[in-house]
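Below is the file my_file_0.txt, which contains compact mmCIF, C-alpha atoms.
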```
# COMPACT_ATOMS: atom_id res chain seq x y z
CA MET A 226 18.55 47.29 -15.15
CA SER A 227 19.52 47.91 -11.57
CA ALA A 228 22.19 45.90 -9.75
CA ARG A 229 19.46 44.28 -7.68
CA GLY A 230 17.53 43.20 -10.83
CA THR A 231 20.70 41.77 -12.36
CA LEU A 232 21.39 39.81 -9.19
CA ARG A 233 17.84 38.32 -9.20
CA ARG A 234 18.19 37.36 -12.85
CA HIS A 235 21.50 35.57 -12.21
CA ARG A 236 20.07 33.71 -9.20
CA PHE A 237 17.12 32.53 -11.32
CA ILE A 238 19.38 31.38 -14.15
CA GLY A 239 21.67 29.65 -11.65
CA THR A 240 18.71 27.87 -10.03
CA ALA A 241 17.33 26.80 -13.42
CA PHE A 242 20.76 25.53 -14.48
CA SER A 243 21.21 23.63 -11.21
CA LEU A 244 17.81 22.00 -11.51
CA SER A 245 18.41 20.89 -15.10
CA ALA A 246 21.86 19.56 -14.14
CA VAL A 247 20.33 17.48 -11.32
CA VAL A 248 17.67 16.06 -13.66
CA ALA A 249 20.30 15.18 -16.29
CA LEU A 250 22.53 13.53 -13.70
CA ALA A 251 19.64 11.51 -12.25
CA SER A 252 18.63 10.34 -15.73
CA SER A 253 22.19 9.29 -16.52
CA LEU A 254 22.56 7.35 -13.29
CA SER A 255 19.27 5.49 -13.69
CA ALA A 256 20.06 4.63 -17.31
CA CYS A 257 23.28 2.88 -16.38
CA SER A 258 22.32 1.44 -13.03
CA GLY A 259 22.20 -2.11 -14.42
CA ASP A 260 19.64 -3.20 -11.83
CA GLY A 261 17.88 -5.59 -14.24
CA ASP A 262 14.95 -3.31 -14.91
CA ASP A 263 12.40 -4.18 -17.57
CA THR A 264 13.77 -1.69 -20.10
CA ALA A 265 17.07 -3.58 -20.37
CA GLU A 266 17.89 -5.22 -23.67
CA LYS A 267 16.80 -8.80 -24.28
CA GLN A 268 20.12 -10.45 -25.15
CA TYR A 269 18.78 -14.03 -25.04
CA THR A 270 17.12 -16.30 -27.61
CA VAL A 271 13.81 -17.93 -26.70
CA PRO A 272 13.63 -21.56 -27.91
CA THR A 273 10.89 -22.59 -30.37
CA SER A 274 9.71 -25.33 -28.00
CA LEU A 275 9.07 -24.84 -24.29
CA CYS A 276 8.60 -27.97 -22.21
CA GLY A 277 7.37 -29.92 -25.23
CA VAL A 278 5.05 -27.30 -26.74
CA ASP A 279 5.94 -25.34 -29.87
CA VAL A 280 5.80 -21.58 -29.36
CA ASP A 281 6.48 -18.43 -31.33
CA PRO A 282 9.65 -17.11 -29.65
CA ALA A 283 8.74 -13.48 -30.47
CA GLN A 284 5.39 -13.81 -28.66
CA VAL A 285 7.05 -15.28 -25.57
CA LYS A 286 9.84 -12.69 -25.62
CA ALA A 287 7.26 -9.87 -25.63
CA LEU A 288 6.24 -10.93 -22.11
CA LEU A 289 9.74 -11.39 -20.71
CA PRO A 290 11.98 -8.77 -19.12
CA GLY A 291 15.41 -7.77 -20.39
CA GLY A 292 18.43 -9.85 -19.56
CA ASP A 293 21.24 -12.02 -20.85
CA SER A 294 19.94 -15.60 -20.61
CA VAL A 295 16.66 -17.49 -20.53
CA SER A 296 16.03 -21.01 -19.27
CA SER A 297 12.96 -23.19 -18.83
CA THR A 298 12.13 -25.61 -16.05
CA PRO A 299 9.30 -28.15 -16.32
CA SER A 300 7.45 -29.39 -13.25
CA GLU A 301 4.34 -31.33 -12.26
CA PRO A 302 3.08 -29.95 -8.95
CA ASN A 303 0.14 -32.40 -8.91
CA GLY A 304 -1.37 -35.18 -11.02
CA GLY A 305 -3.33 -32.82 -13.23
CA THR A 306 -0.98 -29.90 -13.81
CA THR A 307 2.21 -29.42 -15.77
CA ARG A 308 4.18 -26.19 -15.61
CA CYS A 309 6.93 -24.63 -17.62
CA ASP A 310 8.65 -21.79 -15.75
CA LEU A 311 10.83 -19.42 -17.76
CA SER A 312 13.61 -17.64 -15.94
CA VAL A 313 15.60 -14.65 -17.16
CA ASP A 314 19.02 -14.36 -15.55
CA GLY A 315 17.93 -16.80 -12.85
CA ARG A 316 14.68 -15.00 -11.90
CA THR A 317 11.38 -16.73 -12.73
CA ALA A 318 9.60 -14.37 -15.09
CA LEU A 319 6.85 -16.30 -16.92
CA ARG A 320 4.84 -19.45 -16.19
CA LEU A 321 3.06 -21.49 -18.85
CA ALA A 322 0.83 -24.21 -17.43
CA GLN A 323 -1.61 -26.88 -18.50
CA THR A 324 -4.18 -28.11 -16.01
CA TRP A 325 -7.23 -30.34 -16.07
CA TRP A 326 -10.50 -28.98 -14.68
CA SER A 327 -14.08 -30.23 -14.64
CA ARG A 328 -15.51 -30.37 -18.16
CA GLY A 329 -18.21 -27.84 -17.19
CA GLU A 330 -15.72 -25.08 -16.39
CA THR A 331 -15.10 -22.17 -18.72
CA ALA A 332 -12.06 -19.99 -19.26
CA THR A 333 -13.83 -17.32 -17.22
CA THR A 334 -14.42 -19.54 -14.20
CA VAL A 335 -10.91 -21.00 -14.32
CA ALA A 336 -9.42 -17.49 -14.63
CA GLU A 337 -10.96 -16.60 -11.25
CA ALA A 338 -8.45 -18.97 -9.62
CA TYR A 339 -5.37 -17.20 -11.00
CA ASP A 340 -3.69 -13.95 -10.03
CA GLY A 341 -3.43 -11.32 -12.72
CA THR A 342 -6.64 -12.15 -14.57
CA ASP A 343 -8.84 -9.61 -12.76
CA GLY A 344 -10.51 -7.28 -15.23
CA GLY A 345 -9.40 -9.40 -18.17
CA ALA A 346 -11.18 -9.44 -21.51
CA ALA A 347 -12.83 -12.53 -22.98
CA SER A 348 -12.62 -13.66 -26.58
CA ASP A 349 -15.82 -13.66 -28.66
CA ASP A 350 -16.20 -17.42 -28.19
CA TYR A 351 -15.35 -17.20 -24.45
CA ARG A 352 -12.54 -19.73 -24.91
CA PHE A 353 -9.92 -17.23 -23.78
CA VAL A 354 -9.57 -14.69 -20.97
CA TYR A 355 -6.59 -12.36 -21.03
CA ALA A 356 -5.33 -9.44 -19.02
CA GLY A 357 -1.92 -7.76 -19.13
CA LYS A 358 -0.30 -10.16 -16.65
CA ALA A 359 -2.18 -13.45 -17.16
CA GLY A 360 -4.31 -15.41 -19.55
CA VAL A 361 -6.41 -18.59 -19.57
CA GLY A 362 -7.43 -20.70 -22.55
CA LYS A 363 -9.68 -23.74 -22.92
CA VAL A 364 -8.11 -26.41 -25.12
CA ALA A 365 -10.68 -27.60 -27.68
CA ALA A 366 -11.39 -31.29 -28.29
CA CYS A 367 -8.67 -32.56 -25.98
CA THR A 368 -9.11 -35.85 -24.17
CA SER A 369 -6.95 -37.92 -21.86
CA SER A 370 -7.53 -41.40 -20.47
CA ASP A 371 -5.79 -40.18 -17.29
CA HIS A 372 -8.40 -37.41 -16.90
CA PRO A 373 -11.76 -38.65 -18.24
CA GLU A 374 -14.65 -36.21 -18.01
CA MET A 375 -12.23 -33.29 -17.67
CA ALA A 376 -11.19 -30.41 -19.90
CA LEU A 377 -7.66 -29.11 -20.37
CA PHE A 378 -6.93 -25.42 -19.77
CA THR A 379 -3.79 -23.39 -20.40
CA ILE A 380 -2.64 -20.66 -18.07
CA ILE A 381 0.09 -18.07 -18.65
CA GLN A 382 1.24 -15.76 -15.86
CA VAL A 383 3.80 -12.96 -15.86
CA LEU A 384 5.72 -13.24 -12.58
CA ASP A 385 7.37 -10.21 -10.93
CA SER A 386 8.72 -8.50 -14.02
CA GLY A 387 6.53 -5.42 -14.20
CA ILE A 388 5.36 -6.32 -17.71
CA ASP A 389 1.66 -5.67 -18.28
CA ASP A 390 0.68 -6.09 -21.96
CA GLN A 391 -2.83 -7.29 -22.71
CA ALA A 392 -2.36 -7.43 -26.51
CA ALA A 393 0.79 -9.57 -26.17
CA MET A 394 -0.96 -11.86 -23.66
CA LYS A 395 -3.94 -12.30 -26.00
CA ARG A 396 -1.64 -13.41 -28.84
CA LEU A 397 0.39 -15.78 -26.66
CA ILE A 398 -2.47 -17.45 -24.77
CA THR A 399 -4.38 -17.99 -28.03
CA ASP A 400 -1.43 -19.48 -29.93
CA TYR A 401 -0.10 -21.45 -26.95
CA THR A 402 -3.53 -23.03 -26.37
CA LYS A 403 -3.79 -24.03 -30.04
CA ALA A 404 -0.26 -25.51 -29.88
CA VAL A 405 -1.21 -27.56 -26.80
CA GLU A 406 -4.15 -28.98 -28.84
CA GLN A 407 -1.56 -30.41 -31.25
CA SER A 408 0.79 -31.65 -28.51
CA ALA A 409 1.14 -34.97 -26.70
CA ALA A 410 -1.08 -33.60 -23.90
CA CYS A 411 -4.12 -34.47 -26.04
CA GLU A 412 -4.76 -38.05 -27.18
```
File written out as structure tokens:
Amino acid sequence: MSARGTLRRHRFIGTAFSLSAVVALASSLSACSGDGDDTAEKQYTVPTSLCGVDVDPAQVKALLPGGDSVSSTPSEPNGGTTRCDLSVDGRTALRLAQTWWSRGETATTVAEAYDGTDGGAASDDYRFVYAGKAGVGKVAACTSSDHPEMALFTIIQVLDSGIDDQAAMKRLITDYTKAVEQSAACE
């Protein structure tokens, strides 16, 4: 091989080595950046009851980002809605809500009012609508003297965490809705 060919070969090897070194360095830096990304470990324990409703902690955790601590905050923004906001490391990550709508509404029509339900799938009985970031469920046989002629719906929304998991949302909205049926929300 000529001196010129040897020089080209060394330049190519040097360029290839430099490129792989840059990629390795970038991967290392992003892996330890600690910016609270969604791939971080989930160091917290989700309680078995959130704002008075029993939940499966594993189902809730599947829709939460990584972090060190989780807390829940109940609120009642109006006379027909109760919310339970879950925060991970101080950032609101998941909202579970119960709200009364006209008895004639369906999960599909209620879902139209909530972000993240676009393109969602409906259950065979049309009681549930779920997408990767939100779900809506119609609570069966639930009455309230405070809300006569109305039906109770559950809503779950993933808030600003980057999580988008339709299968996990389907499990949680279905089980959460059935738990609300057994809760104090229904007389």
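In this model, the gap between atom CA of Ser312 of chain A and atom CA of Ser296 of chain A comes to 5.3 Å.
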Worksheet item: From the list A:Trp326, A:Phe378, A:Tyr269, A:Phe353, which residue is nearest Ser294 of chain A when using only C-alpha atoms?
Response: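 Using only C-alpha atoms, the shortest distance to Ser294 of chain A belongs to A:Tyr269.
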Item to complete: Pick out the residues sitting within 10 Å of Ala365 of chain A, and hand them over as a ChimeraX atom specification; count all atoms listed in the file, and ignore anything fewer than 5 positions along from it in its own chain.
Response: /A:352,376-378,402-403,405-406,411
Give me, as a PDB file with C-alpha atoms, in the frame of the given file, all polymer residues having an atom no more than 12 Å from Ala347 of chain A, counting only C-alpha atoms and skipping those fewer than 3 positions away in the same chain.
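So the final result, stored in selection.pdb, reads:
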```pdb
ATOM      1  CA  THR A 331     -15.100 -22.170 -18.720  1.00  0.00           C
ATOM      2  CA  ALA A 332     -12.060 -19.990 -19.260  1.00  0.00           C
ATOM      3  CA  THR A 333     -13.830 -17.320 -17.220  1.00  0.00           C
ATOM      4  CA  THR A 334     -14.420 -19.540 -14.200  1.00  0.00           C
ATOM      5  CA  ALA A 336      -9.420 -17.490 -14.630  1.00  0.00           C
ATOM      6  CA  THR A 342      -6.640 -12.150 -14.570  1.00  0.00           C
ATOM      7  CA  ASP A 343      -8.840  -9.610 -12.760  1.00  0.00           C
ATOM      8  CA  GLY A 344     -10.510  -7.280 -15.230  1.00  0.00           C
ATOM      9  CA  ASP A 350     -16.200 -17.420 -28.190  1.00  0.00           C
ATOM     10  CA  TYR A 351     -15.350 -17.200 -24.450  1.00  0.00           C
ATOM     11  CA  ARG A 352     -12.540 -19.730 -24.910  1.00  0.00           C
ATOM     12  CA  PHE A 353      -9.920 -17.230 -23.780  1.00  0.00           C
ATOM     13  CA  VAL A 354      -9.570 -14.690 -20.970  1.00  0.00           C
ATOM     14  CA  TYR A 355      -6.590 -12.360 -21.030  1.00  0.00           C
ATOM     15  CA  ALA A 356      -5.330  -9.440 -19.020  1.00  0.00           C
ATOM     16  CA  GLY A 360      -4.310 -15.410 -19.550  1.00  0.00           C
ATOM     17  CA  VAL A 361      -6.410 -18.590 -19.570  1.00  0.00           C
ATOM     18  CA  GLY A 362      -7.430 -20.700 -22.550  1.00  0.00           C
ATOM     19  CA  LYS A 363      -9.680 -23.740 -22.920  1.00  0.00           C
ATOM     20  CA  GLN A 391      -2.830  -7.290 -22.710  1.00  0.00           C
ATOM     21  CA  MET A 394      -0.960 -11.860 -23.660  1.00  0.00           C
ATOM     22  CA  LYS A 395      -3.940 -12.300 -26.000  1.00  0.00           C
ATOM     23  CA  ILE A 398      -2.470 -17.450 -24.770  1.00  0.00           C
ATOM     24  CA  THR A 399      -4.380 -17.990 -28.030  1.00  0.00           C
TER      25      THR A 399
END
```
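In this model, the gap between atom CA of Ser369 of chain A and atom CA of Thr307 of chain A comes to 13.9 Å.
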Response to the item:
Pairwise distance, atom CA of Cys367 of chain A with atom CA of Asp390 of chain A, equals 28.4 Å
Using 6 Å of padding on each side, determine the axis-aligned box around all atoms of segment 379-387 of chain A present in the file and give its centre and edge lengths in Å to one decimal, as JSON.
```
{"center_x": 2.5, "center_y": -14.4, "center_z": -15.7, "size_x": 24.5, "size_y": 30.0, "size_z": 21.5}
```
Discussion item. Please determine, counting all atoms listed in the file, which residue among A:Leu288, A:Leu397, A:Ala392, A:Ala409 has the shortest atom-to-atom distance to Leu319 of chain A.
Written reply: A:Leu288
Practice prompt. For a cut-off of 8 Å around (0.3, -14.5, -10.1), file coordinates, pick out all residues using only C-alpha atoms and list them as number ranges by chain.
Written response: A: 339-341, 358-359, 382-384
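Across A:Met375, A:Ala404, A:Ala283, A:Cys276, the tightest approach to Cys309 of chain A is made by A:Cys276 when counting all atoms listed in the file.
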Fill in: Given only C-alpha atoms as the counted atoms, nearest of A:Ala338, A:Ala393, A:Ala366, A:Leu289 to Gln407 of chain A
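Of the candidates, the smallest distance to Gln407 of chain A is held by A:Ala366.
Compared by their closest atoms to Arg396 of chain A, and using only C-alpha atoms, the residues A:Val364, A:Ile381, A:Val278, A:Ala318 rank with A:Ile381 nearest.
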Worksheet item: Of the residues A:Thr298, A:Lys267, A:Thr324, A:Asn303, which is the one nearest to Lys286 of chain A, using only C-alpha atoms?
Response: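 Of the candidates, the smallest distance to Lys286 of chain A is held by A:Lys267.
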